[in-house]
Every structure is written in structure tokens, then in C-alpha cells.
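Visitor: My questions will all concern the structure given below.
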Amino acid sequence: MKLSFKQALVAGALALSVSTGAMAVEMTGAGSSFIYPVLSKWAEAYKAKTGNSLNYQSIGSGGGIKQIKAKTVDFGATDAPMSFDELQSAGMVQFPAIIGGVVPVVNIDGIKPGQLKLSSDVLSDIFQGTLTNWNDKRIALLNPGVQIPAGDITVVTRADGSGTTAIFTNYLSKVNKSWKDNVGFGSAVKWPAASTVSGKGNEGVAANVSRIKNSIGYVEFAYAKKNNMSYTQMKNADDKFVMPTAASFASASAGTDWSKFPGMETFITNAPGAASWPITGATFIVIYKKPENKANAAEVIKFFDFGFKDGGKMASELDYVPMPEATTNFIRKSVWSQVDVK
Amino acid sequence: MQSTSSTLGLPSAKAVQVARRQRIQDFLFHAITQFFSMLVLFVLAGIIGSLLINAWPALKTFGPGFFLDDEWDIVNDQFGGLISIYGTLVSSIIALAIAVPLSFGIAVFLTEMCPDFLKRPLGTAVELLAAVPSIIYGMFGLFVFAPIFGDYVQPVLQATLGKIPLIGILFSGPTNGIGMLCAGLILAMMILPFIASVMRDVFEIVPPVLKESAYGIGCTRWEVVTRIVLPYTQAGVVGGVMLGLGRALGETMAVTFVIGNASRISPSLFAPGSSIASTLANQFGEADAGLHFSSLFALGLALFFITFVVLALAKWMLLRMEQAKGVKS
């Protein structure tokens, strides 16, 4: 019923726009707040080119999945891929649209952005609450020559369910067995460290980290950069220290052969490659194989095709990494071909 | 009817017609207003019903123990409401402990001692505090109040009260501003105007003759307030406090900002925790259908029950006060 009302609205809008000349389509989408800035950039350019617009609501990944399941939107966007089985049973397909990184951020006196080096074990022990002071020997060992003042560590996490948390905890589960056994991964987990403080949204985490001395949190890279926060280097799967940069995110995604995973369901955390940033993630777009509104679904595919072809520069400007060409070709050939828009 | 033109004493046909029309009007008016009022009851029943239906899977899985279990593990689907219920109650009790004495002082000053030219501006200022949206309190709390509180107030509390055996543990742990005590303080600020204005209103109904007699026999202001005004307005004061408590229990946005949102019960008031409302606000958007979703509804049910009890108590006490006033004046 809801849908038909919506369609009536769209039809009404269409009728209005017909009178002004062009037949404009309005696509609707909802989900990940991570992809929102680049989607709006793409949508602006796409509208200028085709006249068709996108109405995207950044309500969070979980919300996006709920909305597409309820068929109130043309596509959903989620930072944590849906499982292949779930996609199959719901008659949906998903594809990654953009790549970005999650970075640990710290607030320690005298430590500048990119100065502190952490390894996966140290990071997971800090977030498990078993490593509680910055003067710990293991941190000093990773950072020869860097003066790190002593101080009790406060762990800052997301209070709301979030794709960022899913990527971050997925990484910790991959690299640390005790994290995997005791905490696990998901868009919200039971944070084990006794010092944990949680904030709502990236901005809540950023506010807490920049306010609380000797704290550590995690945010999306673009957010850390914009707010000039002290992000850390990480030791990656090849035992090399890397800076979070567009290049290191790209390297992580290049080392992943998406076509090997059914439903493209994979996290690209802890990716191989000497230059790869270990906490890298992708935002997935979820659409129906047999969409009810075929015209809009066709437009959604055209929109992302435009994003893949012409949106690379816009994405890079916002510190995202465009999908590698091999992957976009695979998406065109094997994912979009499954969608029935005729 | 006596003054109608009919000499027989019977109403004229026209008057009968008018009377009949008026009766129908009255009946319709009665039916419509009754329907409106019943609607409120239906809505209330509907809310309770939908809460119960949605909470049922969680209540069935975890049993009544849900409300006493301090496990909230989304990944492993283990849920218990104790952490949030504890946080809601503790933050509200802190808020009351601070707001009640302050409101009492404000109300006493405004009714007993305030010079006339200050009465209106002060009274209006207190009421304006109530008009500030809660999100503003939250932002103020997180960005302005918590840093000052954590840098200057908490270390002092820790160095003084924190050294006392037994209660010292309440003030232990890192002093980063955010936590249960901070949430309680922000809540106190928010409920203060409610309690203060109710107190002021009930203090004003004390018959002047009682107070004047007391002053006449040489009582001090303090004696008049504690021996005459308070006993006379007992029920009203308690009612006002309950109204404030009702607001503190359900407050969402401001608390979410400053309580720290940790899924843990800690003995220290400096430590972060979470309240029912903050848990709901944080987790509803991303909750998958299933036990998590249902457990959030069960938490909502618990909050509904707590606030319902508090408000019912307040109404009952206000009613008693009204009756007492009616008898006495």
C-alpha cells in the first residue's frame, strides 16, 4: 500500500516535471552514512548531465538494509556486506561501490598525526582493556625514539550500531584470536575494556577523543583528516608499517579478488600487500534482482556506472578510493546482468 | 418555560422543537467529546499492547530474569536490562538529590523573601529554563560542561570525598567528565524549573494568616518555612518532585550525549554507564529484527512501567492536595 502511495507521489512528480519538458526520474536510496558525501557529489554531477536525481537518506547501514527489504527505496547501502545466503533468499544482489579506511585516532600530548605506530596485537589488547597505559613496553618497542608520556588509556567507541564498527571489529577478529573468541564482530559489540566511553556517530567519537587526554578511538579516515586528529600508523599483514592514505586503501582493495566471493561478500580488512592499509572497507550497494520499479532500477545501475566511469576524481577529492577497473568490469558483467530491468 | 406565551402552562410546539433540537445537540456534543477522551485511553492501551507484543519474544526467551540480568551482548544475542535500568534510576536519583534542594531554595526565596521587582524576572527565568530543548542541554553538556567538570571539579571531588572510606569508591576512576554523575547534573538542570515552579505555586496557596500568626509569635523565616509552609504543602511538593522525576527518567538526547554509553555497571559515579532511553536512542536504528529488536522493546516496556508508576503517584498526591485545599479554604 505504502509503495503504491509512493508511486502515486512519484507519478505526480513525474507529471509535474513532464509539464516542464524532460522526463526526470528520481531514484531513492538509504543506508550507510560513510558513502553519503561521495554519493551526493556524484548525484549532483549526474543530475547536471541527465536531469535525473537521487534522493539518498544517510540513516546508517542497518537502516539501509531494512529499507531495501521493505522495498521503500530503490537501493540500500551498507558498509558490512550482506551474507550470500541472505541475498539469495531475498532475491537481491550487492556490489561494492567505494572504498575507504577506518583509522585509530589518539589524543596523547606531543603525538602528531601519523606519528604513533601500532600493531594489530597492541591495538586489540588496548581495546580489550588488557593494555592500559601508554608507557607499556610493547608500545615503546614499536615506537623507538618517540617520547610517549605515561597515562591511563581511555577507549572511545561508537555507541550506535555502525558499519565503521563492523569493519573495525572485523579486522580485530581476523588478527586476534582472543578478540574473535571473546568479542566477535558486528555493527555493535560488547566492548570489553573497563575504560570504554562511547559516543554517537563519528562526531561523537571525535568529540570524546579530542576532549579526553590519553584516549584512543576509531573513525573514518576522511573524518580524522578533516578534524586534524592524530591518526596512527598500523603494521599490516606483511609486517610493514603503513600510513592511512588513499594509496594504502587502494592497495588493500587491489589485493582482493572480489569475483572469488559468492555475492561479493567479503571484508577487505587485513589485506595482503606491503603497502596495504589493514583496516580498509567498502560500502556495498544492495538491489533487487527483480525490481518492482524497473525504470528506477535501470537508472540506479546507470548512475553507479556513471560513478565508476566519471566519478573517480570526485571520490579521490573526498579521500575515498574508486573501485579498481577489474572489479567494476566484473560488477558490470556478473552482477548487473542479473538484474531484470526489461 | 413559565414566561412562554401559552396560557395553558404547556410549552408551545415551537418551544418543544427547540428543546428537542437542543437535546440532540447536547447528545452529540456529549458523544463527540466522550469519543475524544476515550481515544486517549485507546492510544494508551495501543501503546502498551504494541510494546508487549514486540517485547514478547525477548521476555519469553529470557524470562522475568531479563530485568535483573546485566548481560547486553549483541553479537551473541544475550540480553538483559539491568545495566540500563540501573543507569536510568541512578542518574535520576542524582538529579533529584541536586535539583530538589535547589528548587526548594528558589521557591522559598521567590515566595517569602523576594522583593517585588525581582519576582517576575526571576520566576520567568526559571520557567524559561524549562523551554530549552533537551538537545541543547546535551550539546552544552558534552562540549562545555563535561570538559570543565572533568578538568576542575572531578579531581577536587576525588581528592576530598574520594578519600573517605566506603563512599570514596563513588568518586574513583578516570576523571574525564563524562559519566553517570555528569548525566545526573545535566538532568538536575533540566528538571529544576519543573520542580521549582510547582513548589512556588503551592507555597503561594498557604493562607497568609497562618504565616503571619507564626511571625507574630516571633518565629524566624526558617521556622515559618519548615513548620508552617512545608507541612501545609507537603503533598504538592512531593507531586512536583515526582513530575521532575518523571521527566528525568525518560530524558533521552541530553543523557545520550553525556552518560558515556558503556554497557557496564560500575560502582563509581565518574564511570560511564547507559540509561534505558540512551540505549534505545543509540541502538534502534541498527537493530535487526529478532532478539535484539525485541529486547529494546522490553527495555521500553520497563521504562514505560517506571514512568507510569511515578506519574500515577504524582497525580494521586496532587489530587490529595487539591482536596485538602478545598476543605481548608
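The way I read the labels, and the way they are meant: chains A, B, ... in the order of the C-alpha cells, residue 1 as the first residue of every chain, and ligand 1 as the first ligand shown, with later ones counted on from there.
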Any chance you could tabulate, as a tab-separated table, the residues of chain B at most 6 Å from chain A with each one's nearest atom pair and distance in Å to one decimal, using only C-alpha atoms, in chain and rising number order?

Guide:
residue	atom	partner	partner_atom	distance
B:Asp73	CA	A:Lys190	CA	5.2
B:Ile74	CA	A:Val189	CA	5.8
B:Val75	CA	A:Val189	CA	5.9
B:Asn176	CA	A:Ile212	CA	5.9
B:Gly260	CA	A:Val197	CA	4.9
B:Asn261	CA	A:Ser198	CA	5.1
B:Ala262	CA	A:Val197	CA	5.9
B:Asn282	CA	A:Asp160	CA	4.4
B:Gln283	CA	A:Asp160	CA	5.3
B:Gly285	CA	A:Gly63	CA	5.9
B:Glu286	CA	A:Gly62	CA	4.4

Visitor: Keeping only C-alpha atoms, write the selected residues to a file as a short mmCIF file (atom, residue, chain, number, x, y, z; two decimals), in the first residue's frame.

Guide:
data_model
loop_
_atom_site.label_atom_id
_atom_site.label_comp_id
_atom_site.auth_asym_id
_atom_site.auth_seq_id
_atom_site.Cartn_x
_atom_site.Cartn_y
_atom_site.Cartn_z
CA ASP B 73 25.85 -8.75 24.12
CA ILE B 74 24.52 -8.02 20.66
CA VAL B 75 26.91 -10.33 18.80
CA ASN B 176 37.18 12.59 32.03
CA GLY B 260 29.17 7.68 28.13
CA ASN B 261 27.01 4.83 26.80
CA ALA B 262 29.02 1.98 28.32
CA ASN B 282 21.62 4.52 20.14
CA GLN B 283 20.58 1.07 19.04
CA GLY B 285 18.32 2.40 14.06
CA GLU B 286 20.62 -0.56 13.51
#

Visitor: Could you please write out, as a ChimeraX atom specification, every residue of range 126-218 of chain A that DSSP assigns to alpha helix (DSSP H)?

Guide: /A:126-128,137-142,163-175,177-182,201-211

Visitor: Would you save the residues of that selection, restricted to N, CA and C atoms, as a compact mmCIF listing (two decimals), in the first residue's frame?

Guide:
# COMPACT_ATOMS: atom_id res chain seq x y z
N ILE A 126 44.63 -3.11 23.60
CA ILE A 126 44.13 -1.83 24.14
C ILE A 126 42.61 -1.86 24.18
N PHE A 127 41.98 -2.29 23.08
CA PHE A 127 40.52 -2.28 23.03
C PHE A 127 39.91 -3.39 23.88
N GLN A 128 40.73 -4.40 24.24
CA GLN A 128 40.21 -5.41 25.18
C GLN A 128 40.44 -5.01 26.63
N LYS A 137 55.61 -1.34 27.63
CA LYS A 137 56.84 -1.67 26.90
C LYS A 137 56.56 -2.00 25.43
N ARG A 138 55.45 -2.70 25.19
CA ARG A 138 55.18 -3.15 23.83
C ARG A 138 54.93 -1.98 22.89
N ILE A 139 54.34 -0.90 23.42
CA ILE A 139 54.13 0.29 22.58
C ILE A 139 55.48 0.96 22.33
N ALA A 140 56.32 1.05 23.37
CA ALA A 140 57.64 1.67 23.22
C ALA A 140 58.48 0.91 22.19
N LEU A 141 58.33 -0.41 22.20
CA LEU A 141 59.10 -1.26 21.27
C LEU A 141 58.75 -0.95 19.82
N LEU A 142 57.47 -0.64 19.56
CA LEU A 142 57.03 -0.32 18.20
C LEU A 142 57.44 1.08 17.80
N GLY A 163 28.50 0.70 10.50
CA GLY A 163 29.34 -0.05 9.58
C GLY A 163 30.81 0.14 9.90
N THR A 164 31.16 1.33 10.40
CA THR A 164 32.55 1.58 10.80
C THR A 164 32.98 0.58 11.87
N THR A 165 32.09 0.37 12.85
CA THR A 165 32.39 -0.60 13.91
C THR A 165 32.51 -2.00 13.33
N ALA A 166 31.66 -2.33 12.36
CA ALA A 166 31.71 -3.66 11.75
C ALA A 166 33.07 -3.88 11.09
N ILE A 167 33.57 -2.87 10.35
CA ILE A 167 34.87 -3.01 9.69
C ILE A 167 35.99 -3.12 10.72
N PHE A 168 35.93 -2.26 11.73
CA PHE A 168 36.97 -2.24 12.76
C PHE A 168 37.03 -3.56 13.54
N THR A 169 35.86 -4.04 13.98
CA THR A 169 35.87 -5.27 14.79
C THR A 169 36.12 -6.49 13.91
N ASN A 170 35.76 -6.40 12.62
CA ASN A 170 36.09 -7.49 11.71
C ASN A 170 37.60 -7.64 11.61
N TYR A 171 38.28 -6.49 11.52
CA TYR A 171 39.75 -6.52 11.47
C TYR A 171 40.31 -7.16 12.75
N LEU A 172 39.83 -6.69 13.91
CA LEU A 172 40.36 -7.23 15.17
C LEU A 172 40.08 -8.73 15.30
N SER A 173 38.93 -9.18 14.81
CA SER A 173 38.61 -10.61 14.88
C SER A 173 39.54 -11.42 13.99
N LYS A 174 39.93 -10.81 12.85
CA LYS A 174 40.80 -11.54 11.93
C LYS A 174 42.20 -11.69 12.49
N VAL A 175 42.67 -10.66 13.19
CA VAL A 175 44.08 -10.67 13.58
C VAL A 175 44.32 -11.14 15.01
N LYS A 177 43.00 -13.81 18.07
CA LYS A 177 42.11 -14.92 18.38
C LYS A 177 41.26 -14.64 19.61
N SER A 178 41.87 -14.02 20.62
CA SER A 178 41.09 -13.82 21.84
C SER A 178 39.97 -12.79 21.59
N TRP A 179 40.21 -11.84 20.68
CA TRP A 179 39.13 -10.91 20.31
C TRP A 179 38.00 -11.69 19.63
N LYS A 180 38.39 -12.58 18.72
CA LYS A 180 37.40 -13.35 17.98
C LYS A 180 36.55 -14.20 18.93
N ASP A 181 37.22 -14.83 19.91
CA ASP A 181 36.51 -15.73 20.82
C ASP A 181 35.67 -14.97 21.84
N ASN A 182 36.20 -13.83 22.32
CA ASN A 182 35.51 -13.16 23.43
C ASN A 182 34.56 -12.05 23.00
N GLY A 201 27.80 8.39 16.68
CA GLY A 201 28.26 8.84 15.38
C GLY A 201 29.76 9.13 15.37
N ASN A 202 30.31 9.33 14.14
CA ASN A 202 31.71 9.70 14.03
C ASN A 202 32.01 10.94 14.85
N GLU A 203 31.06 11.90 14.83
CA GLU A 203 31.32 13.16 15.52
C GLU A 203 31.36 12.96 17.03
N GLY A 204 30.56 11.99 17.54
CA GLY A 204 30.58 11.71 18.98
C GLY A 204 31.91 11.12 19.40
N VAL A 205 32.44 10.19 18.58
CA VAL A 205 33.74 9.60 18.88
C VAL A 205 34.82 10.68 18.80
N ALA A 206 34.77 11.49 17.73
CA ALA A 206 35.78 12.54 17.56
C ALA A 206 35.75 13.52 18.72
N ALA A 207 34.55 13.90 19.16
CA ALA A 207 34.44 14.86 20.26
C ALA A 207 35.06 14.28 21.52
N ASN A 208 34.77 13.00 21.80
CA ASN A 208 35.30 12.40 23.01
C ASN A 208 36.81 12.25 22.95
N VAL A 209 37.33 11.81 21.80
CA VAL A 209 38.77 11.61 21.69
C VAL A 209 39.50 12.94 21.83
N SER A 210 38.99 13.99 21.18
CA SER A 210 39.73 15.24 21.23
C SER A 210 39.61 15.89 22.61
N ARG A 211 38.67 15.45 23.39
CA ARG A 211 38.49 16.04 24.72
C ARG A 211 39.21 15.26 25.82

Visitor: Asp74 in chain A: which residues within 10 Å, counting only C-alpha atoms, same-chain residues fewer than 5 positions away excluded, as a VMD selection string?

Guide: chain A and resid 26 to 30 55 to 56 67 to 68 286 to 288 291 to 294 296 to 300

Visitor: Could you write those residues out with N, CA and C atoms, as a PDB file, in the first residue's frame?

Guide:
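File produced: selection.pdb:
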ATOM      1  N   GLU A  26      13.379  10.082 -10.333  1.00  0.00           N
ATOM      2  CA  GLU A  26      14.016  10.288  -9.037  1.00  0.00           C
ATOM      3  C   GLU A  26      14.289   8.933  -8.396  1.00  0.00           C
ATOM      4  N   MET A  27      15.575   8.605  -8.279  1.00  0.00           N
ATOM      5  CA  MET A  27      15.950   7.356  -7.607  1.00  0.00           C
ATOM      6  C   MET A  27      15.953   7.611  -6.106  1.00  0.00           C
ATOM      7  N   THR A  28      15.617   6.558  -5.344  1.00  0.00           N
ATOM      8  CA  THR A  28      15.697   6.708  -3.901  1.00  0.00           C
ATOM      9  C   THR A  28      16.636   5.651  -3.339  1.00  0.00           C
ATOM     10  N   GLY A  29      17.392   6.050  -2.333  1.00  0.00           N
ATOM     11  CA  GLY A  29      18.311   5.128  -1.682  1.00  0.00           C
ATOM     12  C   GLY A  29      18.429   5.481  -0.219  1.00  0.00           C
ATOM     13  N   ALA A  30      18.901   4.517   0.581  1.00  0.00           N
ATOM     14  CA  ALA A  30      19.071   4.787   2.003  1.00  0.00           C
ATOM     15  C   ALA A  30      20.150   3.871   2.560  1.00  0.00           C
ATOM     16  N   ASN A  55      17.588  10.736  -4.395  1.00  0.00           N
ATOM     17  CA  ASN A  55      17.187  11.130  -3.046  1.00  0.00           C
ATOM     18  C   ASN A  55      17.754  10.078  -2.094  1.00  0.00           C
ATOM     19  N   TYR A  56      18.883  10.419  -1.453  1.00  0.00           N
ATOM     20  CA  TYR A  56      19.549   9.430  -0.595  1.00  0.00           C
ATOM     21  C   TYR A  56      19.452   9.850   0.862  1.00  0.00           C
ATOM     22  N   GLN A  67      15.361  -0.779   4.918  1.00  0.00           N
ATOM     23  CA  GLN A  67      14.563  -0.048   3.939  1.00  0.00           C
ATOM     24  C   GLN A  67      14.462  -0.813   2.614  1.00  0.00           C
ATOM     25  N   ILE A  68      15.567  -1.390   2.163  1.00  0.00           N
ATOM     26  CA  ILE A  68      15.508  -2.104   0.883  1.00  0.00           C
ATOM     27  C   ILE A  68      14.677  -3.373   1.044  1.00  0.00           C
ATOM     28  N   VAL A 286      22.977  -2.546  -2.409  1.00  0.00           N
ATOM     29  CA  VAL A 286      22.105  -3.722  -2.474  1.00  0.00           C
ATOM     30  C   VAL A 286      20.879  -3.395  -3.323  1.00  0.00           C
ATOM     31  N   ILE A 287      20.632  -4.215  -4.354  1.00  0.00           N
ATOM     32  CA  ILE A 287      19.432  -4.009  -5.184  1.00  0.00           C
ATOM     33  C   ILE A 287      18.738  -5.353  -5.434  1.00  0.00           C
ATOM     34  N   TYR A 288      17.476  -5.265  -5.860  1.00  0.00           N
ATOM     35  CA  TYR A 288      16.720  -6.488  -6.143  1.00  0.00           C
ATOM     36  C   TYR A 288      17.040  -7.006  -7.538  1.00  0.00           C
ATOM     37  N   PRO A 291      13.387  -6.080  -9.646  1.00  0.00           N
ATOM     38  CA  PRO A 291      12.850  -4.880  -9.003  1.00  0.00           C
ATOM     39  C   PRO A 291      11.408  -4.614  -9.432  1.00  0.00           C
ATOM     40  N   GLU A 292      10.637  -4.023  -8.512  1.00  0.00           N
ATOM     41  CA  GLU A 292       9.249  -3.697  -8.855  1.00  0.00           C
ATOM     42  C   GLU A 292       9.198  -2.487  -9.767  1.00  0.00           C
ATOM     43  N   ASN A 293      10.096  -1.535  -9.480  1.00  0.00           N
ATOM     44  CA  ASN A 293      10.139  -0.351 -10.321  1.00  0.00           C
ATOM     45  C   ASN A 293      11.353  -0.460 -11.244  1.00  0.00           C
ATOM     46  N   LYS A 294      11.109  -1.041 -12.422  1.00  0.00           N
ATOM     47  CA  LYS A 294      12.232  -1.362 -13.309  1.00  0.00           C
ATOM     48  C   LYS A 294      12.932  -0.123 -13.836  1.00  0.00           C
ATOM     49  N   ASN A 296      13.354   2.743 -12.388  1.00  0.00           N
ATOM     50  CA  ASN A 296      14.260   3.294 -11.380  1.00  0.00           C
ATOM     51  C   ASN A 296      15.489   2.410 -11.186  1.00  0.00           C
ATOM     52  N   ALA A 297      15.280   1.082 -11.198  1.00  0.00           N
ATOM     53  CA  ALA A 297      16.410   0.173 -11.010  1.00  0.00           C
ATOM     54  C   ALA A 297      17.414   0.348 -12.143  1.00  0.00           C
ATOM     55  N   ALA A 298      16.907   0.498 -13.367  1.00  0.00           N
ATOM     56  CA  ALA A 298      17.793   0.708 -14.508  1.00  0.00           C
ATOM     57  C   ALA A 298      18.575   1.999 -14.320  1.00  0.00           C
ATOM     58  N   GLU A 299      17.889   3.009 -13.789  1.00  0.00           N
ATOM     59  CA  GLU A 299      18.531   4.295 -13.567  1.00  0.00           C
ATOM     60  C   GLU A 299      19.617   4.180 -12.491  1.00  0.00           C
ATOM     61  N   VAL A 300      19.351   3.374 -11.442  1.00  0.00           N
ATOM     62  CA  VAL A 300      20.331   3.174 -10.374  1.00  0.00           C
ATOM     63  C   VAL A 300      21.609   2.581 -10.959  1.00  0.00           C
TER      64      VAL A 300
END

Visitor: Find the spatial neighbours of Ala252 in chain A, counting only C-alpha atoms, within a cut-off of 9 Å - ignore same-chain residues fewer than 2 positions away - and output them as a PDB file with C-alpha atoms, in the first residue's frame.

Guide:
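Written out: result_12.pdb:
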ATOM      1  CA  ALA A 247      47.145   4.838  -1.893  1.00  0.00           C
ATOM      2  CA  SER A 248      47.272   2.381   1.007  1.00  0.00           C
ATOM      3  CA  PHE A 249      43.471   1.906   0.853  1.00  0.00           C
ATOM      4  CA  ALA A 250      43.740   1.306  -2.890  1.00  0.00           C
ATOM      5  CA  ALA A 254      43.688  -4.207  -5.259  1.00  0.00           C
ATOM      6  CA  GLY A 255      44.882  -7.261  -3.362  1.00  0.00           C
ATOM      7  CA  THR A 256      41.324  -8.545  -3.147  1.00  0.00           C
ATOM      8  CA  ILE A 268      38.892  -6.369   2.782  1.00  0.00           C
ATOM      9  CA  THR A 269      40.414  -5.961   6.237  1.00  0.00           C
ATOM     10  CA  ASN A 270      43.944  -7.240   6.868  1.00  0.00           C
ATOM     11  CA  ALA A 271      44.522  -7.421   3.113  1.00  0.00           C
ATOM     12  CA  PRO A 272      47.897  -8.690   1.822  1.00  0.00           C
ATOM     13  CA  GLY A 273      50.370  -6.356   0.141  1.00  0.00           C
ATOM     14  CA  ALA A 275      51.551  -1.054   1.069  1.00  0.00           C
ATOM     15  CA  SER A 276      48.049  -2.102   2.172  1.00  0.00           C
ATOM     16  CA  TRP A 277      46.206  -0.327   4.972  1.00  0.00           C
ATOM     17  CA  PRO A 278      44.839  -3.151   7.155  1.00  0.00           C
ATOM     18  CA  ILE A 279      41.525  -1.577   8.280  1.00  0.00           C
ATOM     19  CA  THR A 280      40.059  -0.883   4.845  1.00  0.00           C
ATOM     20  CA  GLY A 281      36.414  -1.349   3.968  1.00  0.00           C
TER      21      GLY A 281
END

Visitor: Considering only C-alpha atoms, can you say which of A:Met264, A:Val321, A:Val102, A:Val122 comes closest to Phe284 in chain A?

Guide: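 Comparing A:Met264, A:Val321, A:Val102, A:Val122 against Phe284 in chain A, the winner is A:Met264.
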
Visitor: Using the chain letters and numbers from this document, which residues of range 64-224 of chain A does DSSP assign to strand (DSSP E or B), as a ChimeraX atom specification?

Guide: /A:75-78,92-107,117-118,133,152,154-158,197-199,215-220

Visitor: Please determine, counting only C-alpha atoms, which residue among B:Arg120, B:His292, B:Arg247, B:Arg320 has the shortest atom-to-atom distance to Phe79 in chain B.

Guide: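 Once distances to Phe79 in chain B are computed over only C-alpha atoms, the minimum belongs to B:His292.
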